[in-house]
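Listing of input_30.cif; format and content: mmCIF, C-alpha atoms and all ligand atoms.
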data_model
#
loop_
_atom_site.group_PDB
_atom_site.id
_atom_site.type_symbol
_atom_site.label_atom_id
_atom_site.label_comp_id
_atom_site.auth_asym_id
_atom_site.auth_seq_id
_atom_site.Cartn_x
_atom_site.Cartn_y
_atom_site.Cartn_z
ATOM 1 C CA PRO A 5 -31.196 -6.395 -1.769
ATOM 2 C CA PRO A 6 -31.206 -2.625 -2.283
ATOM 3 C CA PHE A 7 -27.722 -2.037 -3.675
ATOM 4 C CA PRO A 8 -25.870 0.260 -3.360
ATOM 5 C CA ILE A 9 -25.673 0.195 0.425
ATOM 6 C CA ALA A 10 -23.451 2.726 2.172
ATOM 7 C CA LEU A 11 -21.618 1.929 5.391
ATOM 8 C CA ALA A 12 -19.194 3.922 7.492
ATOM 9 C CA GLY A 13 -17.488 3.911 10.850
ATOM 10 C CA PRO A 14 -14.175 3.914 12.671
ATOM 11 C CA VAL A 15 -12.090 0.777 12.028
ATOM 12 C CA GLN A 16 -12.134 -1.588 15.008
ATOM 13 C CA LYS A 17 -9.511 -3.989 16.323
ATOM 14 C CA GLY A 18 -10.412 -7.613 15.681
ATOM 15 C CA PHE A 19 -8.584 -10.792 16.596
ATOM 16 C CA GLY A 20 -5.719 -9.905 14.256
ATOM 17 C CA ARG A 21 -6.147 -13.067 12.197
ATOM 18 C CA GLY A 22 -6.947 -11.758 8.727
ATOM 19 C CA GLY A 23 -3.499 -10.433 7.959
ATOM 20 C CA LYS A 24 -1.292 -12.838 9.827
ATOM 21 C CA ASP A 25 -3.260 -16.043 9.381
ATOM 22 C CA LEU A 26 -4.761 -15.575 5.935
ATOM 23 C CA GLY A 27 -2.522 -13.011 4.240
ATOM 24 C CA CYS A 28 -5.581 -10.860 3.842
ATOM 25 C CA PRO A 29 -6.065 -8.054 6.389
ATOM 26 C CA THR A 30 -9.695 -7.071 6.921
ATOM 27 C CA ALA A 31 -10.752 -3.770 8.447
ATOM 28 C CA ASN A 32 -13.585 -4.428 10.884
ATOM 29 C CA LEU A 33 -16.568 -2.110 11.116
ATOM 30 C CA PRO A 34 -18.087 -1.305 14.525
ATOM 31 C CA ASP A 35 -21.234 -3.140 15.640
ATOM 32 C CA ASP A 36 -23.532 -0.122 15.304
ATOM 33 C CA SER A 37 -22.488 0.297 11.644
ATOM 34 C CA ILE A 38 -23.460 -3.309 10.961
ATOM 35 C CA THR A 39 -26.860 -3.300 12.643
ATOM 36 C CA PRO A 40 -28.757 -1.649 9.749
ATOM 37 C CA ILE A 41 -27.399 -4.101 7.128
ATOM 38 C CA SER A 42 -27.785 -7.209 9.287
ATOM 39 C CA THR A 43 -31.539 -7.142 8.657
ATOM 40 C CA VAL A 44 -31.380 -6.626 4.859
ATOM 41 C CA LEU A 45 -28.325 -8.653 3.827
ATOM 42 C CA LYS A 46 -27.728 -12.344 4.226
ATOM 43 C CA THR A 47 -24.319 -13.423 5.432
ATOM 44 C CA GLY A 48 -21.676 -13.987 2.800
ATOM 45 C CA VAL A 49 -19.113 -12.191 0.682
ATOM 46 C CA TYR A 50 -19.866 -8.902 -1.067
ATOM 47 C CA TYR A 51 -17.970 -6.541 -3.358
ATOM 48 C CA GLY A 52 -17.857 -2.790 -3.604
ATOM 49 C CA TYR A 53 -15.650 0.191 -2.920
ATOM 50 C CA ALA A 54 -14.097 1.542 0.244
ATOM 51 C CA GLN A 55 -12.151 4.593 1.297
ATOM 52 C CA VAL A 56 -10.047 5.297 4.353
ATOM 53 C CA VAL A 57 -10.396 8.800 5.763
ATOM 54 C CA PRO A 58 -7.469 9.465 8.119
ATOM 55 C CA PRO A 59 -7.859 12.230 10.687
ATOM 56 C CA GLU A 60 -6.096 15.489 9.821
ATOM 57 C CA GLU A 61 -3.146 14.813 12.140
ATOM 58 C CA ARG A 62 -2.476 11.408 10.526
ATOM 59 C CA ARG A 63 -2.940 12.504 6.908
ATOM 60 C CA THR A 64 0.809 12.708 6.197
ATOM 61 C CA ALA A 65 1.186 8.950 6.869
ATOM 62 C CA PHE A 66 -0.986 8.284 3.813
ATOM 63 C CA ARG A 67 -0.064 8.682 0.164
ATOM 64 C CA PRO A 68 -2.635 10.117 -2.243
ATOM 65 C CA GLU A 69 -3.284 6.608 -3.642
ATOM 66 C CA ASP A 70 -4.087 5.323 -0.123
ATOM 67 C CA VAL A 71 -7.011 7.683 0.370
ATOM 68 C CA LYS A 72 -8.687 7.008 -2.966
ATOM 69 C CA VAL A 73 -11.930 5.101 -3.428
ATOM 70 C CA LEU A 74 -10.606 1.537 -3.820
ATOM 71 C CA PRO A 75 -12.100 -1.864 -4.727
ATOM 72 C CA MET A 76 -12.957 -4.071 -1.772
ATOM 73 C CA VAL A 77 -14.425 -7.427 -0.764
ATOM 74 C CA MET A 78 -16.498 -7.611 2.404
ATOM 75 C CA SER A 79 -17.271 -10.631 4.502
ATOM 76 C CA LEU A 80 -20.485 -10.405 6.504
ATOM 77 C CA GLY A 81 -20.978 -13.276 8.818
ATOM 78 C CA TRP A 82 -20.550 -15.369 11.864
ATOM 79 C CA ASN A 83 -17.252 -16.710 10.553
ATOM 80 C CA PRO A 84 -17.969 -20.417 11.085
ATOM 81 C CA PHE A 85 -14.348 -21.310 10.364
ATOM 82 C CA TYR A 86 -13.349 -19.490 13.541
ATOM 83 C CA LYS A 87 -16.568 -20.244 15.467
ATOM 84 C CA ASN A 88 -17.149 -16.544 16.043
ATOM 85 C CA GLU A 89 -19.958 -15.622 18.352
ATOM 86 C CA LYS A 90 -21.117 -12.374 16.803
ATOM 87 C CA LEU A 91 -21.875 -10.973 13.389
ATOM 88 C CA THR A 92 -18.943 -9.131 11.867
ATOM 89 C CA ALA A 93 -18.459 -7.053 8.729
ATOM 90 C CA GLU A 94 -14.841 -7.104 7.607
ATOM 91 C CA ILE A 95 -13.522 -5.286 4.583
ATOM 92 C CA HIS A 96 -10.392 -6.191 2.656
ATOM 93 C CA ILE A 97 -9.354 -3.249 0.515
ATOM 94 C CA MET A 98 -7.498 -4.354 -2.614
ATOM 95 C CA HIS A 99 -4.589 -2.025 -2.141
ATOM 96 C CA ALA A 100 -1.158 -2.194 -0.520
ATOM 97 C CA PHE A 101 -1.235 0.278 2.380
ATOM 98 C CA GLN A 102 2.018 1.269 4.065
ATOM 99 C CA THR A 103 0.389 1.670 7.450
ATOM 100 C CA ASP A 104 -2.495 0.339 9.533
ATOM 101 C CA PHE A 105 -5.562 2.532 9.901
ATOM 102 C CA TYR A 106 -7.142 1.385 13.155
ATOM 103 C CA GLY A 107 -9.503 3.992 14.545
ATOM 104 C CA HIS A 108 -9.667 5.851 11.246
ATOM 105 C CA GLU A 109 -12.974 6.443 9.517
ATOM 106 C CA MET A 110 -13.707 3.976 6.709
ATOM 107 C CA LYS A 111 -16.457 4.560 4.194
ATOM 108 C CA ALA A 112 -17.785 1.765 2.040
ATOM 109 C CA ILE A 113 -20.372 1.182 -0.598
ATOM 110 C CA ILE A 114 -21.629 -2.357 -1.149
ATOM 111 C CA LEU A 115 -22.569 -3.021 -4.766
ATOM 112 C CA GLY A 116 -23.223 -6.735 -5.005
ATOM 113 C CA TYR A 117 -23.178 -10.235 -3.604
ATOM 114 C CA ILE A 118 -20.514 -12.831 -4.462
ATOM 115 C CA ARG A 119 -21.263 -15.980 -2.461
ATOM 116 C CA PRO A 120 -22.684 -17.381 0.756
ATOM 117 C CA GLU A 121 -20.595 -17.876 3.836
ATOM 118 C CA LEU A 122 -18.991 -21.309 3.702
ATOM 119 C CA ASP A 123 -17.218 -23.484 6.201
ATOM 120 C CA TYR A 124 -13.768 -24.704 5.215
ATOM 121 C CA ILE A 125 -11.981 -27.936 5.839
ATOM 122 C CA SER A 126 -8.657 -26.139 5.882
ATOM 123 C CA ARG A 127 -7.004 -22.766 6.076
ATOM 124 C CA GLU A 128 -5.627 -23.361 2.561
ATOM 125 C CA ALA A 129 -9.129 -23.893 1.134
ATOM 126 C CA LEU A 130 -10.280 -20.638 2.723
ATOM 127 C CA ILE A 131 -7.269 -18.728 1.345
ATOM 128 C CA GLU A 132 -7.924 -20.140 -2.136
ATOM 129 C CA ASP A 133 -11.540 -19.000 -2.026
ATOM 130 C CA ILE A 134 -10.564 -15.513 -0.862
ATOM 131 C CA GLU A 135 -8.358 -15.215 -3.960
ATOM 132 C CA VAL A 136 -11.315 -16.193 -6.160
ATOM 133 C CA ASP A 137 -13.500 -13.634 -4.346
ATOM 134 C CA LYS A 138 -10.991 -10.873 -5.104
ATOM 135 C CA GLN A 139 -10.932 -11.775 -8.797
ATOM 136 C CA VAL A 140 -14.735 -11.914 -8.948
ATOM 137 C CA ALA A 141 -14.943 -8.521 -7.243
ATOM 138 C CA LEU A 142 -12.455 -6.907 -9.630
ATOM 139 C CA ASN A 143 -14.301 -8.366 -12.623
ATOM 140 C CA CYS A 144 -17.701 -7.203 -11.354
ATOM 141 C CA LEU A 145 -16.380 -3.713 -10.632
ATOM 142 C CA GLN A 146 -15.264 -3.414 -14.293
ATOM 143 C CA ARG A 147 -18.878 -2.693 -15.221
ATOM 144 C CA PRO A 148 -19.009 0.836 -16.634
ATOM 145 C CA ALA A 149 -22.163 1.557 -14.604
ATOM 146 C CA TYR A 150 -20.133 1.194 -11.395
ATOM 147 C CA GLN A 151 -17.555 3.810 -12.339
ATOM 148 C CA ARG A 152 -19.757 6.562 -11.019
ATOM 149 C CA TYR A 153 -19.438 5.187 -7.493
ATOM 150 C CA VAL A 154 -15.747 5.946 -7.579
ATOM 151 C CA ASN A 155 -16.837 9.569 -7.668
ATOM 152 C CA GLU A 156 -19.711 9.124 -5.210
ATOM 153 C CA PRO A 157 -20.008 12.301 -3.096
ATOM 154 C CA ALA A 158 -20.397 10.132 0.033
ATOM 155 C CA PHE A 159 -16.722 9.247 -0.391
ATOM 156 C CA ALA A 160 -15.550 12.831 -0.483
ATOM 157 C CA LEU A 161 -12.808 13.310 2.086
ATOM 158 C CA GLY A 162 -14.168 14.985 5.179
ATOM 159 C CA GLY A 163 -17.703 14.825 3.754
HETATM 160 P P1 LIG B 201 -8.067 -7.332 12.843
HETATM 161 O O1 LIG B 201 -8.523 -8.648 13.378
HETATM 162 O O2 LIG B 201 -7.668 -6.388 13.937
HETATM 163 O O3 LIG B 201 -9.066 -6.768 11.901
HETATM 164 P P2 LIG B 201 -6.404 -7.962 10.536
HETATM 165 O O4 LIG B 201 -5.273 -8.918 10.492
HETATM 166 O O5 LIG B 201 -7.672 -8.357 9.830
HETATM 167 O O6 LIG B 201 -6.701 -7.638 12.061
HETATM 168 O O7 LIG B 201 -5.860 -6.607 9.978
HETATM 169 C C1 LIG B 201 -6.746 -5.548 9.746
HETATM 170 C C2 LIG B 201 -6.081 -4.193 9.811
HETATM 171 O O8 LIG B 201 -5.016 -4.128 8.867
HETATM 172 C C3 LIG B 201 -7.064 -3.100 9.429
HETATM 173 O O9 LIG B 201 -7.799 -2.636 10.550
HETATM 174 C C4 LIG B 201 -6.150 -2.029 8.857
HETATM 175 O O10 LIG B 201 -5.737 -1.149 9.876
HETATM 176 C C5 LIG B 201 -4.942 -2.822 8.339
HETATM 177 N N1 LIG B 201 -4.884 -2.971 6.877
HETATM 178 C C6 LIG B 201 -3.752 -2.822 6.154
HETATM 179 N N2 LIG B 201 -3.978 -3.050 4.861
HETATM 180 C C7 LIG B 201 -5.291 -3.352 4.730
HETATM 181 C C8 LIG B 201 -6.113 -3.665 3.597
HETATM 182 N N3 LIG B 201 -5.618 -3.717 2.335
HETATM 183 N N4 LIG B 201 -7.441 -3.900 3.809
HETATM 184 C C9 LIG B 201 -7.928 -3.852 5.070
HETATM 185 N N5 LIG B 201 -7.198 -3.564 6.167
HETATM 186 C C10 LIG B 201 -5.876 -3.306 6.019
HETATM 187 MG MG MG B 202 -9.810 -8.076 10.340
#

Would you write out, as structure tokens, the structure that this file holds?
Amino acid sequence: PPFPIALAGPVQKGFGRGGKDLGCPTANLPDDSITPISTVLKTGVYYGYAQVVPPEERRTAFRPEDVKVLPMVMSLGWNPFYKNEKLTAEIHIMHAFQTDFYGHEMKAIILGYIRPELDYISREALIEDIEVDKQVALNCLQRPAYQRYVNEPAFALGG
């Protein structure tokens, strides 16, 4: 696949399961942001960087570290564990935010593939694999060649 792939859009409400059920909140991209990647990427888990861009009037709710370019893992798929009916792209940003950012613009850059989408026999097995995904992503993003994406102009606030 042609990495890097840039994605952006306002964060959508999902079923609210990522955070509560799995201890891993995932910011959902809108359908029209997913359409272009659905034809070039297979379903599965990817790694890259993401950035939340709050609107001007909400900027004070975010600390400087919250609006940086941050490491992320993205799940692209039909979510067989939950028998979802449509393709979703959900991004977990590896950062402790103090507030939700529903409706806010999120920019992302996908840099690589981690694994295919799997079905799980239990919630615990899924949670365990998500932890492995995060470690894999952080390790992959250590590559010096990726550091330039942290400064990618596409991430510039307001740009
Ligand atoms: P939903 O089904 O609505 O996506 P989640 O439980 O997956 O619900 O929570 C996702 C929401 O949590 C995001 O839309 C965002 O506003 C918020 N959030 C807080 N911290 C994070 C994070 N580190 N990564 C992604 N989303 C986060
Ligand atoms: Mg989610």

May I ask you to write as a PyMOL selection string all residues lying at most 10 Å from ligand LIG 201 (chain B), with only C-alpha atoms and all ligand atoms counted? chain A and resi 14-33+54+56+70+74-78+93-108+110

Suppose we keep C-alpha atoms; can you now write the selection as a PDB file, keeping the file's coordinate frame?
ATOM      1  CA  PRO A  14     -14.175   3.914  12.671  1.00  0.00           C
ATOM      2  CA  VAL A  15     -12.090   0.777  12.028  1.00  0.00           C
ATOM      3  CA  GLN A  16     -12.134  -1.588  15.008  1.00  0.00           C
ATOM      4  CA  LYS A  17      -9.511  -3.989  16.323  1.00  0.00           C
ATOM      5  CA  GLY A  18     -10.412  -7.613  15.681  1.00  0.00           C
ATOM      6  CA  PHE A  19      -8.584 -10.792  16.596  1.00  0.00           C
ATOM      7  CA  GLY A  20      -5.719  -9.905  14.256  1.00  0.00           C
ATOM      8  CA  ARG A  21      -6.147 -13.067  12.197  1.00  0.00           C
ATOM      9  CA  GLY A  22      -6.947 -11.758   8.727  1.00  0.00           C
ATOM     10  CA  GLY A  23      -3.499 -10.433   7.959  1.00  0.00           C
ATOM     11  CA  LYS A  24      -1.292 -12.838   9.827  1.00  0.00           C
ATOM     12  CA  ASP A  25      -3.260 -16.043   9.381  1.00  0.00           C
ATOM     13  CA  LEU A  26      -4.761 -15.575   5.935  1.00  0.00           C
ATOM     14  CA  GLY A  27      -2.522 -13.011   4.240  1.00  0.00           C
ATOM     15  CA  CYS A  28      -5.581 -10.860   3.842  1.00  0.00           C
ATOM     16  CA  PRO A  29      -6.065  -8.054   6.389  1.00  0.00           C
ATOM     17  CA  THR A  30      -9.695  -7.071   6.921  1.00  0.00           C
ATOM     18  CA  ALA A  31     -10.752  -3.770   8.447  1.00  0.00           C
ATOM     19  CA  ASN A  32     -13.585  -4.428  10.884  1.00  0.00           C
ATOM     20  CA  LEU A  33     -16.568  -2.110  11.116  1.00  0.00           C
ATOM     21  CA  ALA A  54     -14.097   1.542   0.244  1.00  0.00           C
ATOM     22  CA  VAL A  56     -10.047   5.297   4.353  1.00  0.00           C
ATOM     23  CA  ASP A  70      -4.087   5.323  -0.123  1.00  0.00           C
ATOM     24  CA  LEU A  74     -10.606   1.537  -3.820  1.00  0.00           C
ATOM     25  CA  PRO A  75     -12.100  -1.864  -4.727  1.00  0.00           C
ATOM     26  CA  MET A  76     -12.957  -4.071  -1.772  1.00  0.00           C
ATOM     27  CA  VAL A  77     -14.425  -7.427  -0.764  1.00  0.00           C
ATOM     28  CA  MET A  78     -16.498  -7.611   2.404  1.00  0.00           C
ATOM     29  CA  ALA A  93     -18.459  -7.053   8.729  1.00  0.00           C
ATOM     30  CA  GLU A  94     -14.841  -7.104   7.607  1.00  0.00           C
ATOM     31  CA  ILE A  95     -13.522  -5.286   4.583  1.00  0.00           C
ATOM     32  CA  HIS A  96     -10.392  -6.191   2.656  1.00  0.00           C
ATOM     33  CA  ILE A  97      -9.354  -3.249   0.515  1.00  0.00           C
ATOM     34  CA  MET A  98      -7.498  -4.354  -2.614  1.00  0.00           C
ATOM     35  CA  HIS A  99      -4.589  -2.025  -2.141  1.00  0.00           C
ATOM     36  CA  ALA A 100      -1.158  -2.194  -0.520  1.00  0.00           C
ATOM     37  CA  PHE A 101      -1.235   0.278   2.380  1.00  0.00           C
ATOM     38  CA  GLN A 102       2.018   1.269   4.065  1.00  0.00           C
ATOM     39  CA  THR A 103       0.389   1.670   7.450  1.00  0.00           C
ATOM     40  CA  ASP A 104      -2.495   0.339   9.533  1.00  0.00           C
ATOM     41  CA  PHE A 105      -5.562   2.532   9.901  1.00  0.00           C
ATOM     42  CA  TYR A 106      -7.142   1.385  13.155  1.00  0.00           C
ATOM     43  CA  GLY A 107      -9.503   3.992  14.545  1.00  0.00           C
ATOM     44  CA  HIS A 108      -9.667   5.851  11.246  1.00  0.00           C
ATOM     45  CA  MET A 110     -13.707   3.976   6.709  1.00  0.00           C
TER      46      MET A 110
END

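As for CA of Asp133 in chain A and CA of Gly52 in chain A, they are spaced 17.5 Å apart.
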
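In this structure, CA of Asn143 in chain A sits 20.0 Å away from CA of Glu121 in chain A.
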
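Checking A:Pro34, A:Phe66, A:Gln55, A:Val44 one by one against ligand MG 202 (chain B), counting all atoms listed in the file, you find the shortest gap at A:Pro34.
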
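Note that the spacing between CA of Ile134 in chain A and CA of Ser79 in chain A amounts to 9.9 Å.
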
Taking the partial coordinates given, rebuild range 107-133 of chain A to contain N, CA and C atoms; return it as a PDB file, in the coordinates of the input.
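What follows is the written file selection_34.pdb:
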ATOM      1  N   GLY A 107      -8.908   2.790  13.973  1.00  0.00           N
ATOM      2  CA  GLY A 107      -9.503   3.992  14.545  1.00  0.00           C
ATOM      3  C   GLY A 107      -9.888   5.035  13.513  1.00  0.00           C
ATOM      4  N   HIS A 108      -9.363   4.883  12.286  1.00  0.00           N
ATOM      5  CA  HIS A 108      -9.667   5.851  11.246  1.00  0.00           C
ATOM      6  C   HIS A 108     -11.027   5.546  10.635  1.00  0.00           C
ATOM      7  N   GLU A 109     -11.680   6.593  10.169  1.00  0.00           N
ATOM      8  CA  GLU A 109     -12.974   6.443   9.517  1.00  0.00           C
ATOM      9  C   GLU A 109     -12.806   5.660   8.205  1.00  0.00           C
ATOM     10  N   MET A 110     -13.680   4.691   7.990  1.00  0.00           N
ATOM     11  CA  MET A 110     -13.707   3.976   6.709  1.00  0.00           C
ATOM     12  C   MET A 110     -15.114   4.089   6.148  1.00  0.00           C
ATOM     13  N   LYS A 111     -15.176   4.482   4.885  1.00  0.00           N
ATOM     14  CA  LYS A 111     -16.457   4.560   4.194  1.00  0.00           C
ATOM     15  C   LYS A 111     -16.502   3.441   3.183  1.00  0.00           C
ATOM     16  N   ALA A 112     -17.670   2.843   3.021  1.00  0.00           N
ATOM     17  CA  ALA A 112     -17.785   1.765   2.040  1.00  0.00           C
ATOM     18  C   ALA A 112     -19.127   1.827   1.347  1.00  0.00           C
ATOM     19  N   ILE A 113     -19.131   1.306   0.136  1.00  0.00           N
ATOM     20  CA  ILE A 113     -20.372   1.182  -0.598  1.00  0.00           C
ATOM     21  C   ILE A 113     -20.426  -0.254  -1.132  1.00  0.00           C
ATOM     22  N   ILE A 114     -21.472  -0.963  -0.736  1.00  0.00           N
ATOM     23  CA  ILE A 114     -21.629  -2.357  -1.149  1.00  0.00           C
ATOM     24  C   ILE A 114     -22.445  -2.376  -2.433  1.00  0.00           C
ATOM     25  N   LEU A 115     -21.908  -3.037  -3.459  1.00  0.00           N
ATOM     26  CA  LEU A 115     -22.569  -3.021  -4.766  1.00  0.00           C
ATOM     27  C   LEU A 115     -23.133  -4.366  -5.191  1.00  0.00           C
ATOM     28  N   GLY A 116     -22.681  -5.439  -4.585  1.00  0.00           N
ATOM     29  CA  GLY A 116     -23.223  -6.735  -5.005  1.00  0.00           C
ATOM     30  C   GLY A 116     -22.738  -7.881  -4.139  1.00  0.00           C
ATOM     31  N   TYR A 117     -23.382  -9.019  -4.388  1.00  0.00           N
ATOM     32  CA  TYR A 117     -23.178 -10.235  -3.604  1.00  0.00           C
ATOM     33  C   TYR A 117     -22.313 -11.209  -4.404  1.00  0.00           C
ATOM     34  N   ILE A 118     -21.359 -11.849  -3.770  1.00  0.00           N
ATOM     35  CA  ILE A 118     -20.514 -12.831  -4.462  1.00  0.00           C
ATOM     36  C   ILE A 118     -20.911 -14.270  -4.125  1.00  0.00           C
ATOM     37  N   ARG A 119     -20.983 -14.587  -2.835  1.00  0.00           N
ATOM     38  CA  ARG A 119     -21.263 -15.980  -2.461  1.00  0.00           C
ATOM     39  C   ARG A 119     -21.708 -16.076  -1.002  1.00  0.00           C
ATOM     40  N   PRO A 120     -22.313 -17.208  -0.652  1.00  0.00           N
ATOM     41  CA  PRO A 120     -22.684 -17.381   0.756  1.00  0.00           C
ATOM     42  C   PRO A 120     -21.445 -17.655   1.597  1.00  0.00           C
ATOM     43  N   GLU A 121     -21.645 -17.553   2.879  1.00  0.00           N
ATOM     44  CA  GLU A 121     -20.595 -17.876   3.836  1.00  0.00           C
ATOM     45  C   GLU A 121     -20.442 -19.395   3.866  1.00  0.00           C
ATOM     46  N   LEU A 122     -19.222 -19.862   3.748  1.00  0.00           N
ATOM     47  CA  LEU A 122     -18.991 -21.309   3.702  1.00  0.00           C
ATOM     48  C   LEU A 122     -18.084 -21.716   4.857  1.00  0.00           C
ATOM     49  N   ASP A 123     -18.159 -22.972   5.206  1.00  0.00           N
ATOM     50  CA  ASP A 123     -17.218 -23.484   6.201  1.00  0.00           C
ATOM     51  C   ASP A 123     -16.108 -24.189   5.428  1.00  0.00           C
ATOM     52  N   TYR A 124     -14.899 -24.147   5.955  1.00  0.00           N
ATOM     53  CA  TYR A 124     -13.768 -24.704   5.215  1.00  0.00           C
ATOM     54  C   TYR A 124     -13.100 -25.831   5.981  1.00  0.00           C
ATOM     55  N   ILE A 125     -12.655 -26.817   5.199  1.00  0.00           N
ATOM     56  CA  ILE A 125     -11.981 -27.936   5.839  1.00  0.00           C
ATOM     57  C   ILE A 125     -10.560 -27.562   6.217  1.00  0.00           C
ATOM     58  N   SER A 126     -10.030 -26.522   5.568  1.00  0.00           N
ATOM     59  CA  SER A 126      -8.657 -26.139   5.882  1.00  0.00           C
ATOM     60  C   SER A 126      -8.451 -24.650   5.650  1.00  0.00           C
ATOM     61  N   ARG A 127      -7.397 -24.156   6.260  1.00  0.00           N
ATOM     62  CA  ARG A 127      -7.004 -22.766   6.076  1.00  0.00           C
ATOM     63  C   ARG A 127      -6.664 -22.511   4.596  1.00  0.00           C
ATOM     64  N   GLU A 128      -6.021 -23.500   3.965  1.00  0.00           N
ATOM     65  CA  GLU A 128      -5.627 -23.361   2.561  1.00  0.00           C
ATOM     66  C   GLU A 128      -6.848 -23.198   1.654  1.00  0.00           C
ATOM     67  N   ALA A 129      -7.900 -23.964   1.945  1.00  0.00           N
ATOM     68  CA  ALA A 129      -9.129 -23.893   1.134  1.00  0.00           C
ATOM     69  C   ALA A 129      -9.766 -22.518   1.270  1.00  0.00           C
ATOM     70  N   LEU A 130      -9.728 -21.976   2.487  1.00  0.00           N
ATOM     71  CA  LEU A 130     -10.280 -20.638   2.723  1.00  0.00           C
ATOM     72  C   LEU A 130      -9.470 -19.593   1.964  1.00  0.00           C
ATOM     73  N   ILE A 131      -8.147 -19.679   2.032  1.00  0.00           N
ATOM     74  CA  ILE A 131      -7.269 -18.728   1.345  1.00  0.00           C
ATOM     75  C   ILE A 131      -7.502 -18.770  -0.165  1.00  0.00           C
ATOM     76  N   GLU A 132      -7.658 -19.988  -0.703  1.00  0.00           N
ATOM     77  CA  GLU A 132      -7.924 -20.140  -2.136  1.00  0.00           C
ATOM     78  C   GLU A 132      -9.212 -19.436  -2.531  1.00  0.00           C
ATOM     79  N   ASP A 133     -10.257 -19.600  -1.709  1.00  0.00           N
ATOM     80  CA  ASP A 133     -11.540 -19.000  -2.026  1.00  0.00           C
ATOM     81  C   ASP A 133     -11.490 -17.477  -1.925  1.00  0.00           C
TER      82      ASP A 133
END
